[in-house]
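Peer 1: Mind looking over this structure? Questions follow.
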Amino acid sequence: MLVIVTSKAPQRMSRRISKLHPQLAQHFSYLLALWFAFYLCQSYAGLNSATNSPAVPLQAELVAGFDARLLTANQPVFAKARERWSSGDCVLRKDALVKGKVVTASVHSGKSPSEVALLFESAECGGPGLKPLPLVLEAIVGPDSEAGRDTYVPLNQAIGLAPNPGGGIRGAGTAASIAMAEPDFGRPAVKIRSGTVSGISHMKLQVGNGPEGSSVLSMTGRNLQLEAHTVLIFMRSPSVDVNVREQPQPTAAVVIPASPAAPNEHAPILDETEVCTPPMCNVALPSREGRDTGPQTSLSLAEFGFLMRPRQEMTSLNHDAAIAWLGPQELLITFNPHALVPRGVRDGDQAGRTIRALLVDLPTLQVKRVVEWPVPDRRQYIWPAGQGRVIVHVGRELWIYGPGLRRETTLPLDEPLAFVRLSPSNNHLAIGLQQERHTREIHNQLEEAAGTEPEEDIEIRVLDEHYQEVARTTRPSKYAPPTLLDDGEVTFRATAKQQFRMIEVGWDQRLHTIANLRSVCVPEVTSLPGDLLFLVSCDSSTDGKRYRIVRPTGKVMLKGFTSSQTIADLAAGNDAHSAFVIGEANLERALTPGTVFVSGDLKSEQLAVYRNDDGKRLFATTIAEPPPSCQGFALSPDGDRLAALAQGRLMLFHMR
């Protein structure tokens with residue numbers, strides 16, 4: 001948004017003097033020209049410096065919408081700065097908060113308009129804490145003018161990242177941070193004077209003449225409402241003109257708001273009409289239509305403290321249990337025994353937990369070792385890292401374990417962990433660290449005002465196979481964690497309503513469109529060993545979901561459908577890149593997404609193993625009473641055995 005401050009006072013004064021004394025007007029015009037040249041030089045110098053002139057308007061987006069019927073006096077109102085701004089001793093970073101309050105609010109009644117008086121008095125000047133900053137609300141622009149704009153830095157352009165001529169990526173300390181920004185579509189500038197409301201019909205703004213010097217919004221015919229992302233334009237002095245260049249409305253917040261790749265007409269279109277013909281592509285069948293066998297061996301976990309909680313409420317599967325292979329003859333079983341949490345094991349307001357780990361020797365089916373880890377949050381805490389290794393989140397560190405549950409490496413974390421993502425061959429590791437934008441008090445106020453968890457910054461660090469950092473960047477927390485391939489990162493861009501483009505952003509700086517697809521929800525994608533992609537989208541014709549195994553070329557290897565009773569579609573691969581397993585967790589009854597259910601409603605889990613080369617099914621079974629976990633099954637390194645948790649037991653299936 002382009003903002004230009006103008007003043008017509010010198011022009012008006014010159015015309016008045018010319019009428020009274022023409023000769024004096026010539027001298028005044030000469031002085032005015034000198035003053036104007038000096039003003040331009042100062043303005044130019046200010047634009048080249050990091051500090052803005054005090055006359056530059058502050059543009060901020062309303063964090064949460066409001067309705068006059070629900071407002072009360074002194075209720076807080078928050079907006080966030082759209083760009084870096086400074087005035088006097090106050091410097092606001094991008095996304096810094098501006099806090100105001102409702103002075104008065106009234107509803108529409110008869111011929112009386114609905115009115116809301118707003119007063120903004122503080123902001124996060126120079127850091128997370130609020131400091132006094134008296135502002136006057138001068139103008140309002142509707143949320144369709146590039147609202148929600150963000151910079152999205154692809155990992156291949158992150159600070160310190162550069163392509164390696166020998167393949168992969170290497171560190172480059174002099175590499176610059178390049179942001180994918182919203183393109184300028186050349187819309188004309190719209191003149192907005194002080195007191196103007198643009199893009200919102202039937203609304204008026206009276207600048208600074210309300211109670212306590214507030215600005216008063218009014219609306220006739222209905223109760224006044226403002227949507228989130230409405231642009232508020234502030235000044236520290238009133239009565240200025242501003243020019244605002246309006247941009248098109250952005251796409252959904254979980255996808256790239258920029259256009260990282262030109263449209264590819266030759267990229268595959270994944271929709272309901274796509275053809276999936278064997279042997280190169282297969283359709284996943286219900287497990288009952290294939291070979292369905294029980295486990296060959298099993299081990300009871302009750303004596304080790306494994307306990308199912310049938311009345312635990314949830315909206316999705318959790319991370320309270322997981323299994324992973326530590327080599328062909330060792331299996332690691334981890335779970336929450338629901339013991340009392342030691343003092344100090346907390347991450348923010350999320351209670352920590354103690355995770356118990358059992359190292360099982362498969363030939364004897366004996367537990368060789370038992371350890372416990374303090375985990376500070378409720379997120380995923382363990383990630384298979386290939387070659388008999390796992391990464392575990394313990395306290396404020398990541399521990400890398402090898403065969404025999406021997407700790408090999410420790411990675412310290414100086415911020416709370418948001419996520420860990422690995423590439424299919426485990427040669428790249430992305431660690432997300434959560435950085436608080438606001439103080440705890442402001443965080444709680446924002447959460448109450450918006451009804452959702454406030455947006456934070458996520459610092460992403462990319463490590464190589466030796467766990468050495470090679471890149472670093474920052475993204476807003478609203479973006480999904482990165483999905484890594486061996487050659488780059490996969491992400492989505494919305495191209496139209498319910499239409500998405502899946503893009504690979506390569507380490508070699510190339511952009512490749514993998515496929516175009518239709519989905520009534522934002523698609524989700526994870527990578528599997530063998531450089532495969534597990535893609536889940538929402539079907540427009542049914543209440544269920546559609547999943548696919550897609551190669552980076554866009555070729556579909558396997559596709560399947562799940563009903564509205566399926567609460568999760570999960571997938572995992574193996575070290576040999578020979579097979580992958582897909583799990584469908586099914587509830588007793590169909591539920592609307594986001595609806596609360598209890599863990600006892602989880603009826604069964606269908607597990608099917610497929611060959612990496614062509615998607616041919618090798619094995620299928622259905623297990624009853626699985627734990628409500630996202631990591632309750634795993635393939636052996638050679639792909640010949642499947643381990644799963646069910647009915648309070650470890651179950652082993654031999655597929656050959």
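We label chains A, B, ... in the order they appear in the structure tokens, count residues from 1 in each chain, and number ligands from 1 in the order shown.
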What are the closest atom pairs, with distances in Å to one decimal, for each residue of stretch 581-652 of chain A lying within 9 Å of stretch 306-319 of chain A, using only C-alpha atoms, rows by chain and rising residue number, as CSV?
Peer 2:
residue,atom,partner,partner_atom,distance
A:Ala585,CA,A:Leu317,CA,8.9
A:Pro593,CA,A:Thr315,CA,7.9
A:Gly594,CA,A:Thr315,CA,5.4
A:Thr595,CA,A:Thr315,CA,5.8
A:Val596,CA,A:Thr315,CA,4.7
A:Phe597,CA,A:Met314,CA,5.6
A:Val598,CA,A:Glu313,CA,4.4
A:Ser599,CA,A:Pro310,CA,5.0
A:Gly600,CA,A:Pro310,CA,4.1
A:Asp601,CA,A:Pro310,CA,7.8
A:Leu602,CA,A:Pro310,CA,8.9
A:Pro627,CA,A:Met308,CA,6.9
A:Pro628,CA,A:Leu317,CA,5.2
A:Ser629,CA,A:Asn318,CA,4.9
A:Cys630,CA,A:Leu317,CA,5.8
A:Gln631,CA,A:His319,CA,7.1
A:Gln647,CA,A:Met308,CA,8.3
A:Gly648,CA,A:Phe306,CA,6.7
A:Arg649,CA,A:Phe306,CA,8.6
Peer 1: Excluding stretch 417-433 of chain A and residues on its chain fewer than 3 positions from it, collect all residues at most 8 Å away from it, counting only C-alpha atoms, and give them as a list in words.
Peer 2: Gln380, Trp383, Ala385, Gly386, Leu413, Ile458, Glu459, Ile460, Arg461, Val462, Leu463, Asp464, Glu465, Tyr467, Pro481, Pro482, Thr483, Leu484, Leu485, Asp486, Ser527, Leu528, Pro529, Gly530, Asp531 and Leu532 of chain A
Peer 1: By how many Å are atom CA of A:Ala450 and atom CA of A:Gly127 apart?
Peer 2: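 Separation between atom CA of A:Ala450 and atom CA of A:Gly127: 21.6 Å.
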Peer 1: Enter the distance from atom CA of A:Leu92 to atom CA of A:Val216, in Å, rounded to one decimal.
Peer 2: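 So the two atoms, atom CA of A:Leu92 and atom CA of A:Val216, lie 25.0 Å apart.
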Peer 1: What separation in Å, quoted to one decimal, exists between atom CA of A:Gly395 and atom CA of A:Glu453?
Peer 2: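 So the answer is 22.8 Å.
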Peer 1: For a quick check of understanding, using only C-alpha atoms, which of A:Glu121, A:Glu448, A:Asp638, A:Asp377 has the smallest distance to A:Met235?
Peer 2: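 Comparing A:Glu121, A:Glu448, A:Asp638, A:Asp377 against A:Met235, the winner is A:Glu121.
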Peer 1: List the spatial neighbours of A:Ala228 as a list in words - criterion: any atom at most 12 Å away, only C-alpha atoms, same-chain residues fewer than 4 positions off excluded.
Peer 2: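 Those residues are Ala60, Glu61, Leu62, Val63, Ala64, Gly65, Phe66, Asp67, Val77, Phe78, Ala79, Lys80, Val141, Gly142, Pro143, Asp144, Ala147, Gly148, Leu232, Ala449 and Ala450 of chain A.
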Peer 1: Next, the residues of the selection above should be written as a short mmCIF file (atom, residue, chain, number, x, y, z; two decimals), in the first residue's frame with N, CA and C atoms.
Peer 2:
data_model
loop_
_atom_site.label_atom_id
_atom_site.label_comp_id
_atom_site.auth_asym_id
_atom_site.auth_seq_id
_atom_site.Cartn_x
_atom_site.Cartn_y
_atom_site.Cartn_z
N ALA A 60 -2.22 -0.18 10.09
CA ALA A 60 -2.31 -1.38 10.92
C ALA A 60 -3.59 -2.14 10.59
N GLU A 61 -3.52 -3.46 10.72
CA GLU A 61 -4.67 -4.32 10.44
C GLU A 61 -5.36 -4.70 11.73
N LEU A 62 -6.66 -4.63 11.74
CA LEU A 62 -7.44 -5.03 12.89
C LEU A 62 -7.25 -6.53 13.13
N VAL A 63 -6.86 -6.88 14.33
CA VAL A 63 -6.57 -8.29 14.64
C VAL A 63 -7.84 -9.13 14.66
N ALA A 64 -8.90 -8.62 15.27
CA ALA A 64 -10.16 -9.36 15.35
C ALA A 64 -11.31 -8.40 15.05
N GLY A 65 -12.30 -8.89 14.32
CA GLY A 65 -13.46 -8.08 14.02
C GLY A 65 -14.33 -7.87 15.25
N PHE A 66 -15.26 -6.93 15.16
CA PHE A 66 -16.15 -6.70 16.29
C PHE A 66 -17.52 -6.24 15.81
N ASP A 67 -18.49 -6.37 16.70
CA ASP A 67 -19.88 -6.00 16.46
C ASP A 67 -20.30 -5.05 17.58
N VAL A 77 -9.01 -3.15 21.98
CA VAL A 77 -9.03 -3.37 20.54
C VAL A 77 -7.58 -3.39 20.07
N PHE A 78 -7.21 -4.40 19.27
CA PHE A 78 -5.83 -4.56 18.84
C PHE A 78 -5.73 -4.48 17.32
N ALA A 79 -4.64 -3.87 16.86
CA ALA A 79 -4.29 -3.88 15.45
C ALA A 79 -2.79 -4.14 15.37
N LYS A 80 -2.32 -4.64 14.22
CA LYS A 80 -0.89 -4.91 14.07
C LYS A 80 -0.35 -4.14 12.87
N VAL A 141 -9.76 1.54 5.65
CA VAL A 141 -9.82 0.89 4.35
C VAL A 141 -10.30 -0.54 4.55
N GLY A 142 -11.28 -0.95 3.78
CA GLY A 142 -11.86 -2.28 3.92
C GLY A 142 -10.83 -3.39 3.76
N PRO A 143 -11.11 -4.58 4.27
CA PRO A 143 -10.12 -5.66 4.32
C PRO A 143 -9.79 -6.28 2.98
N ASP A 144 -10.36 -5.77 1.88
CA ASP A 144 -10.03 -6.35 0.58
C ASP A 144 -8.83 -5.67 -0.07
N ALA A 147 -5.22 -7.24 2.56
CA ALA A 147 -5.24 -7.60 3.98
C ALA A 147 -4.61 -8.96 4.19
N GLY A 148 -3.95 -9.13 5.32
CA GLY A 148 -3.33 -10.41 5.63
C GLY A 148 -2.06 -10.66 4.85
N LEU A 232 -6.57 0.16 9.42
CA LEU A 232 -6.74 1.41 10.17
C LEU A 232 -5.54 2.29 9.91
N ALA A 449 -9.58 -11.77 22.72
CA ALA A 449 -10.23 -10.91 21.74
C ALA A 449 -10.52 -11.63 20.44
N ALA A 450 -9.56 -12.45 19.96
CA ALA A 450 -9.71 -13.11 18.67
C ALA A 450 -10.35 -14.48 18.77
#
Peer 1: Find the residues near A:Phe534: any atom within 12 Å, counting only C-alpha atoms, skip ones fewer than 3 places away on the same chain, and give them as number ranges by chain.
Peer 2: A: 424, 483-485, 490, 523-531, 537, 546-552, 554, 556-560, 569-573, 580-583
Peer 1: If DSSP is run on the backbone, what residues of stretch 421-650 of chain A are strand (DSSP E)? A reply as a ChimeraX atom specification would be ideal.
Peer 2: /A:421-422,428-435,457-464,469-476,483-485,488-496,499-506,511-518,524-528,532-538,545-550,556-562,566-573,579-587,597-598,602-611,617-624,629-631,633-635,641-646,649-650
Peer 1: Which is closest to A:Val98 among A:Val370, A:Leu270, A:Ala568, A:Ile442, if we use only C-alpha atoms?
Peer 2: A:Ile442
